[in-house]
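For reference, the structure discussed in these notes is given below.
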Amino acid sequence: MSQNTRRASSSANAIHPSSLLARLIEYTTLATSTVKEIAQSAHVPFLTPTAAVSATILKLVQTSKTSKEHLILILEHIHEVLCAIISLHSMTAVERVLPPGVVNDIGNFMETLQKVYTFLKAQQEMSKIRQLFKQANSASQLEACKTGLQEAVIAFRVQVGTATVSDIAKLQKDAQQQHEELTKGVAKKKIRSLC
């Protein structure tokens with residue numbers, strides 16, 4: 001296959017940034033509303049403002065002057081963290097209490113969302129000429145936002161992994177206990193049959 005054919009087929013398979021951004025807005029809106037419902041029912045610290053800031057960011061993204069590639073990256077990270085929060089909540093649904101480390105990570109994520117909001121709001125209010133003059137400052141703010149979001153993604157991946165390992169350990173313990181009970185039951189039957 002020639003290079004031109006490969007490029008044509010790969011670009012035909014690629015999703016246009018505008019449609020990818022629209023999908024991410026849709027998915028992140030759904031995740032935000034789910035987190036909002038969890039916040040209202042579970043009263044988890046930092047969750048209500050996290051959902052509120054996420055919803056506000058979603059509104060800003062739709063009219064933002066920031067490049068679509070940056071917006072896509074920002075929304076991908078926000079969406080992933082919101083989904084991790086939903087997952088962690090569902091894993092601890094019985095206790096209804098998230099571990100303190102998770103609550104701390106939610107607080108840090110909320111602070112990062114505030115920075116993202118501040119950045120997007122400033123970009124929206126600046127004229128093109130002011131954006132050119134403040135380009136270096138904007139670039140450093142954007143990098144700080146992306147770094148904070150990446151750190152949140154990593155922290156929540158660890159939290160979900162830890163919760164999953166904990167669930168596996170609990171399942172193994174339960175299976176061991178069931179095995180011991182079954183073994184005792186079989187031993188009792190053998191003793192009765194011998195008598």
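Identifiers for the structure tokens are assigned positionally: chains receive A, B, ... in sequence, residues are indexed from 1 per chain, and ligands are indexed from 1 in the order shown.
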
Could you list, as a count of residues only, every residue within 8 Å of Phe46 in chain A, counting only C-alpha atoms and ignoring same-chain residues fewer than 5 positions away?
4

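Non-sequential neighbours of Lys36 in chain A (distance at most 9 Å, separation of 3 or more positions within a chain, only C-alpha atoms) are Ala31, Thr32, Ser33, Ala39, Gln40, Ser41, Leu47, Thr48, Pro49, Thr50, Ala51 and Ala52 of chain A.
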
Generate a file of the selected residues that holds N, CA and C atoms, formatted as a CSV table (one decimal), in the first residue's frame.
```
chain,number,residue,atom,x,y,z
A,31,ALA,N,-21.5,12.4,32.7
A,31,ALA,CA,-20.7,12.1,33.9
A,31,ALA,C,-20.9,13.2,35.0
A,32,THR,N,-20.9,14.4,34.6
A,32,THR,CA,-21.1,15.5,35.5
A,32,THR,C,-22.5,15.4,36.2
A,33,SER,N,-23.5,15.1,35.5
A,33,SER,CA,-24.8,15.0,36.1
A,33,SER,C,-24.9,13.8,37.0
A,39,ALA,N,-23.4,13.4,44.6
A,39,ALA,CA,-23.1,14.5,45.6
A,39,ALA,C,-24.3,14.8,46.4
A,40,GLN,N,-25.5,14.8,45.8
A,40,GLN,CA,-26.7,15.2,46.5
A,40,GLN,C,-27.1,14.0,47.4
A,41,SER,N,-26.9,12.8,47.0
A,41,SER,CA,-27.4,11.7,47.8
A,41,SER,C,-26.3,11.2,48.9
A,47,LEU,N,-17.6,17.2,46.4
A,47,LEU,CA,-18.2,16.6,45.2
A,47,LEU,C,-19.3,17.6,44.6
A,48,THR,N,-20.0,18.3,45.4
A,48,THR,CA,-21.0,19.3,44.8
A,48,THR,C,-20.3,20.4,44.1
A,49,PRO,N,-19.2,21.0,44.6
A,49,PRO,CA,-18.6,22.1,43.8
A,49,PRO,C,-17.8,21.5,42.6
A,50,THR,N,-17.3,20.3,42.7
A,50,THR,CA,-16.7,19.6,41.6
A,50,THR,C,-17.7,19.5,40.4
A,51,ALA,N,-18.9,19.0,40.7
A,51,ALA,CA,-19.9,18.9,39.7
A,51,ALA,C,-20.3,20.3,39.1
A,52,ALA,N,-20.4,21.2,40.0
A,52,ALA,CA,-20.8,22.6,39.6
A,52,ALA,C,-19.7,23.2,38.6
```

Exercise: range 67-77 of chain A partners within 7 Å, only C-alpha atoms, chain neighbours under 4 positions left out, as a count of residues only:
9

Can you pull out every residue within 12 Å of Gln141 in chain A, counting only C-alpha atoms, but drop anything in the same chain fewer than 2 positions away, and send it as a PDB file with all heavy atoms, in the first residue's frame?
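selection.pdb, written as the output of this step:
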```
ATOM      1  N   THR A 112      -8.001  22.023  40.670  1.00  0.00           N
ATOM      2  CA  THR A 112      -7.530  22.026  39.285  1.00  0.00           C
ATOM      3  C   THR A 112      -8.647  22.490  38.356  1.00  0.00           C
ATOM      4  O   THR A 112      -8.408  23.270  37.422  1.00  0.00           O
ATOM      5  CB  THR A 112      -7.021  20.633  38.877  1.00  0.00           C
ATOM      6  OG1 THR A 112      -5.945  20.273  39.737  1.00  0.00           O
ATOM      7  CG2 THR A 112      -6.563  20.605  37.435  1.00  0.00           C
ATOM      8  N   LYS A 115      -8.832  26.161  38.288  1.00  0.00           N
ATOM      9  CA  LYS A 115      -7.792  26.742  37.437  1.00  0.00           C
ATOM     10  C   LYS A 115      -8.183  26.649  35.965  1.00  0.00           C
ATOM     11  O   LYS A 115      -7.964  27.590  35.198  1.00  0.00           O
ATOM     12  CB  LYS A 115      -6.455  26.043  37.681  1.00  0.00           C
ATOM     13  CG  LYS A 115      -5.866  26.328  39.041  1.00  0.00           C
ATOM     14  CD  LYS A 115      -4.595  25.525  39.271  1.00  0.00           C
ATOM     15  CE  LYS A 115      -4.106  25.711  40.702  1.00  0.00           C
ATOM     16  NZ  LYS A 115      -2.952  24.849  40.995  1.00  0.00           N
ATOM     17  N   VAL A 116      -8.740  25.502  35.580  1.00  0.00           N
ATOM     18  CA  VAL A 116      -9.189  25.330  34.188  1.00  0.00           C
ATOM     19  C   VAL A 116     -10.282  26.350  33.879  1.00  0.00           C
ATOM     20  O   VAL A 116     -10.253  27.009  32.832  1.00  0.00           O
ATOM     21  CB  VAL A 116      -9.693  23.891  33.935  1.00  0.00           C
ATOM     22  CG1 VAL A 116     -10.372  23.770  32.580  1.00  0.00           C
ATOM     23  CG2 VAL A 116      -8.549  22.891  34.061  1.00  0.00           C
ATOM     24  N   TYR A 117     -11.234  26.494  34.788  1.00  0.00           N
ATOM     25  CA  TYR A 117     -12.309  27.467  34.611  1.00  0.00           C
ATOM     26  C   TYR A 117     -11.743  28.876  34.452  1.00  0.00           C
ATOM     27  O   TYR A 117     -12.126  29.614  33.539  1.00  0.00           O
ATOM     28  CB  TYR A 117     -13.286  27.420  35.791  1.00  0.00           C
ATOM     29  CG  TYR A 117     -14.227  28.592  35.804  1.00  0.00           C
ATOM     30  CD1 TYR A 117     -15.325  28.642  34.953  1.00  0.00           C
ATOM     31  CD2 TYR A 117     -13.993  29.680  36.645  1.00  0.00           C
ATOM     32  CE1 TYR A 117     -16.166  29.740  34.939  1.00  0.00           C
ATOM     33  CE2 TYR A 117     -14.833  30.774  36.644  1.00  0.00           C
ATOM     34  CZ  TYR A 117     -15.921  30.806  35.783  1.00  0.00           C
ATOM     35  OH  TYR A 117     -16.743  31.899  35.765  1.00  0.00           O
ATOM     36  N   THR A 118     -10.824  29.251  35.333  1.00  0.00           N
ATOM     37  CA  THR A 118     -10.220  30.582  35.290  1.00  0.00           C
ATOM     38  C   THR A 118      -9.508  30.812  33.956  1.00  0.00           C
ATOM     39  O   THR A 118      -9.642  31.875  33.340  1.00  0.00           O
ATOM     40  CB  THR A 118      -9.231  30.766  36.459  1.00  0.00           C
ATOM     41  OG1 THR A 118      -9.949  30.574  37.689  1.00  0.00           O
ATOM     42  CG2 THR A 118      -8.591  32.137  36.453  1.00  0.00           C
ATOM     43  N   PHE A 119      -8.769  29.801  33.490  1.00  0.00           N
ATOM     44  CA  PHE A 119      -8.074  29.904  32.219  1.00  0.00           C
ATOM     45  C   PHE A 119      -9.055  30.089  31.062  1.00  0.00           C
ATOM     46  O   PHE A 119      -8.901  30.992  30.236  1.00  0.00           O
ATOM     47  CB  PHE A 119      -7.201  28.663  31.981  1.00  0.00           C
ATOM     48  CG  PHE A 119      -6.650  28.579  30.590  1.00  0.00           C
ATOM     49  CD1 PHE A 119      -5.578  29.372  30.208  1.00  0.00           C
ATOM     50  CD2 PHE A 119      -7.220  27.736  29.651  1.00  0.00           C
ATOM     51  CE1 PHE A 119      -5.079  29.323  28.917  1.00  0.00           C
ATOM     52  CE2 PHE A 119      -6.722  27.664  28.362  1.00  0.00           C
ATOM     53  CZ  PHE A 119      -5.652  28.461  27.986  1.00  0.00           C
ATOM     54  N   LEU A 120     -10.063  29.227  30.994  1.00  0.00           N
ATOM     55  CA  LEU A 120     -11.025  29.296  29.889  1.00  0.00           C
ATOM     56  C   LEU A 120     -11.812  30.605  29.909  1.00  0.00           C
ATOM     57  O   LEU A 120     -12.070  31.204  28.856  1.00  0.00           O
ATOM     58  CB  LEU A 120     -11.976  28.100  29.933  1.00  0.00           C
ATOM     59  CG  LEU A 120     -11.360  26.742  29.619  1.00  0.00           C
ATOM     60  CD1 LEU A 120     -12.379  25.631  29.839  1.00  0.00           C
ATOM     61  CD2 LEU A 120     -10.802  26.694  28.208  1.00  0.00           C
ATOM     62  N   ALA A 122     -10.791  33.500  31.133  1.00  0.00           N
ATOM     63  CA  ALA A 122      -9.887  34.569  30.699  1.00  0.00           C
ATOM     64  C   ALA A 122      -9.711  34.556  29.179  1.00  0.00           C
ATOM     65  O   ALA A 122      -9.699  35.611  28.534  1.00  0.00           O
ATOM     66  CB  ALA A 122      -8.538  34.433  31.394  1.00  0.00           C
ATOM     67  N   GLN A 123      -9.590  33.352  28.611  1.00  0.00           N
ATOM     68  CA  GLN A 123      -9.440  33.238  27.161  1.00  0.00           C
ATOM     69  C   GLN A 123     -10.681  33.757  26.439  1.00  0.00           C
ATOM     70  O   GLN A 123     -10.578  34.401  25.408  1.00  0.00           O
ATOM     71  CB  GLN A 123      -9.194  31.777  26.762  1.00  0.00           C
ATOM     72  CG  GLN A 123      -7.848  31.256  27.168  1.00  0.00           C
ATOM     73  CD  GLN A 123      -6.724  31.964  26.458  1.00  0.00           C
ATOM     74  OE1 GLN A 123      -6.685  32.030  25.238  1.00  0.00           O
ATOM     75  NE2 GLN A 123      -5.817  32.536  27.232  1.00  0.00           N
ATOM     76  N   LYS A 134      -0.395  38.190  25.420  1.00  0.00           N
ATOM     77  CA  LYS A 134      -0.335  37.376  26.638  1.00  0.00           C
ATOM     78  C   LYS A 134      -0.161  35.895  26.320  1.00  0.00           C
ATOM     79  O   LYS A 134      -0.455  35.033  27.144  1.00  0.00           O
ATOM     80  CB  LYS A 134      -1.593  37.595  27.469  1.00  0.00           C
ATOM     81  CG  LYS A 134      -1.743  39.025  27.930  1.00  0.00           C
ATOM     82  CD  LYS A 134      -2.558  39.085  29.172  1.00  0.00           C
ATOM     83  CE  LYS A 134      -2.581  40.512  29.652  1.00  0.00           C
ATOM     84  NZ  LYS A 134      -2.440  40.596  31.065  1.00  0.00           N
ATOM     85  N   GLN A 135       0.322  35.605  25.131  1.00  0.00           N
ATOM     86  CA  GLN A 135       0.436  34.225  24.674  1.00  0.00           C
ATOM     87  C   GLN A 135       1.326  33.378  25.587  1.00  0.00           C
ATOM     88  O   GLN A 135       0.982  32.240  25.910  1.00  0.00           O
ATOM     89  CB  GLN A 135       0.972  34.200  23.246  1.00  0.00           C
ATOM     90  CG  GLN A 135       0.840  32.877  22.568  1.00  0.00           C
ATOM     91  CD  GLN A 135       1.161  32.979  21.091  1.00  0.00           C
ATOM     92  OE1 GLN A 135       1.799  33.915  20.648  1.00  0.00           O
ATOM     93  NE2 GLN A 135       0.717  31.995  20.336  1.00  0.00           N
ATOM     94  N   ALA A 136       2.444  33.907  26.031  1.00  0.00           N
ATOM     95  CA  ALA A 136       3.353  33.139  26.896  1.00  0.00           C
ATOM     96  C   ALA A 136       2.691  32.839  28.233  1.00  0.00           C
ATOM     97  O   ALA A 136       2.780  31.711  28.734  1.00  0.00           O
ATOM     98  CB  ALA A 136       4.653  33.905  27.108  1.00  0.00           C
ATOM     99  N   ASN A 137       2.011  33.830  28.794  1.00  0.00           N
ATOM    100  CA  ASN A 137       1.308  33.630  30.067  1.00  0.00           C
ATOM    101  C   ASN A 137       0.187  32.601  29.903  1.00  0.00           C
ATOM    102  O   ASN A 137       0.012  31.722  30.743  1.00  0.00           O
ATOM    103  CB  ASN A 137       0.749  34.967  30.570  1.00  0.00           C
ATOM    104  CG  ASN A 137       0.138  34.845  31.940  1.00  0.00           C
ATOM    105  OD1 ASN A 137       0.585  34.065  32.767  1.00  0.00           O
ATOM    106  ND2 ASN A 137      -0.902  35.623  32.179  1.00  0.00           N
ATOM    107  N   SER A 138      -0.546  32.710  28.806  1.00  0.00           N
ATOM    108  CA  SER A 138      -1.635  31.763  28.542  1.00  0.00           C
ATOM    109  C   SER A 138      -1.111  30.353  28.365  1.00  0.00           C
ATOM    110  O   SER A 138      -1.708  29.392  28.858  1.00  0.00           O
ATOM    111  CB  SER A 138      -2.414  32.187  27.288  1.00  0.00           C
ATOM    112  OG  SER A 138      -3.084  33.394  27.506  1.00  0.00           O
ATOM    113  N   ALA A 139       0.018  30.239  27.671  1.00  0.00           N
ATOM    114  CA  ALA A 139       0.603  28.909  27.445  1.00  0.00           C
ATOM    115  C   ALA A 139       1.022  28.276  28.769  1.00  0.00           C
ATOM    116  O   ALA A 139       0.795  27.078  28.988  1.00  0.00           O
ATOM    117  CB  ALA A 139       1.797  29.012  26.505  1.00  0.00           C
ATOM    118  N   GLU A 143      -0.552  24.896  30.386  1.00  0.00           N
ATOM    119  CA  GLU A 143       0.301  23.779  30.786  1.00  0.00           C
ATOM    120  C   GLU A 143       0.059  23.395  32.240  1.00  0.00           C
ATOM    121  O   GLU A 143       0.025  22.211  32.580  1.00  0.00           O
ATOM    122  CB  GLU A 143       1.781  24.094  30.544  1.00  0.00           C
ATOM    123  CG  GLU A 143       2.195  23.955  29.102  1.00  0.00           C
ATOM    124  CD  GLU A 143       1.826  22.613  28.482  1.00  0.00           C
ATOM    125  OE1 GLU A 143       2.149  21.549  29.064  1.00  0.00           O
ATOM    126  OE2 GLU A 143       1.195  22.613  27.411  1.00  0.00           O
ATOM    127  N   ALA A 144      -0.130  24.402  33.100  1.00  0.00           N
ATOM    128  CA  ALA A 144      -0.416  24.119  34.519  1.00  0.00           C
ATOM    129  C   ALA A 144      -1.740  23.377  34.655  1.00  0.00           C
ATOM    130  O   ALA A 144      -1.860  22.439  35.454  1.00  0.00           O
ATOM    131  CB  ALA A 144      -0.444  25.419  35.322  1.00  0.00           C
ATOM    132  N   CYS A 145      -2.728  23.780  33.861  1.00  0.00           N
ATOM    133  CA  CYS A 145      -4.028  23.093  33.886  1.00  0.00           C
ATOM    134  C   CYS A 145      -3.889  21.651  33.410  1.00  0.00           C
ATOM    135  O   CYS A 145      -4.409  20.726  34.041  1.00  0.00           O
ATOM    136  CB  CYS A 145      -5.042  23.833  33.010  1.00  0.00           C
ATOM    137  SG  CYS A 145      -5.551  25.438  33.639  1.00  0.00           S
ATOM    138  N   LYS A 146      -3.184  21.464  32.297  1.00  0.00           N
ATOM    139  CA  LYS A 146      -3.013  20.113  31.762  1.00  0.00           C
ATOM    140  C   LYS A 146      -2.232  19.233  32.732  1.00  0.00           C
ATOM    141  O   LYS A 146      -2.579  18.069  32.929  1.00  0.00           O
ATOM    142  CB  LYS A 146      -2.336  20.160  30.388  1.00  0.00           C
ATOM    143  CG  LYS A 146      -3.237  20.752  29.314  1.00  0.00           C
ATOM    144  CD  LYS A 146      -2.774  20.549  27.894  1.00  0.00           C
ATOM    145  CE  LYS A 146      -1.457  21.045  27.524  1.00  0.00           C
ATOM    146  NZ  LYS A 146      -1.163  21.043  26.087  1.00  0.00           N
ATOM    147  N   THR A 147      -1.207  19.800  33.368  1.00  0.00           N
ATOM    148  CA  THR A 147      -0.422  19.043  34.342  1.00  0.00           C
ATOM    149  C   THR A 147      -1.291  18.646  35.538  1.00  0.00           C
ATOM    150  O   THR A 147      -1.256  17.498  35.989  1.00  0.00           O
ATOM    151  CB  THR A 147       0.796  19.867  34.815  1.00  0.00           C
ATOM    152  OG1 THR A 147       1.612  20.154  33.679  1.00  0.00           O
ATOM    153  CG2 THR A 147       1.601  19.116  35.858  1.00  0.00           C
ATOM    154  N   GLY A 148      -2.078  19.595  36.046  1.00  0.00           N
ATOM    155  CA  GLY A 148      -2.968  19.298  37.170  1.00  0.00           C
ATOM    156  C   GLY A 148      -3.984  18.231  36.824  1.00  0.00           C
ATOM    157  O   GLY A 148      -4.269  17.336  37.636  1.00  0.00           O
TER     158      GLY A 148
END
```

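Nearest residue to Thr162 in chain A, choosing from A:Leu88, A:Leu113, A:Ile191, A:His16 and counting only C-alpha atoms: A:Leu88.
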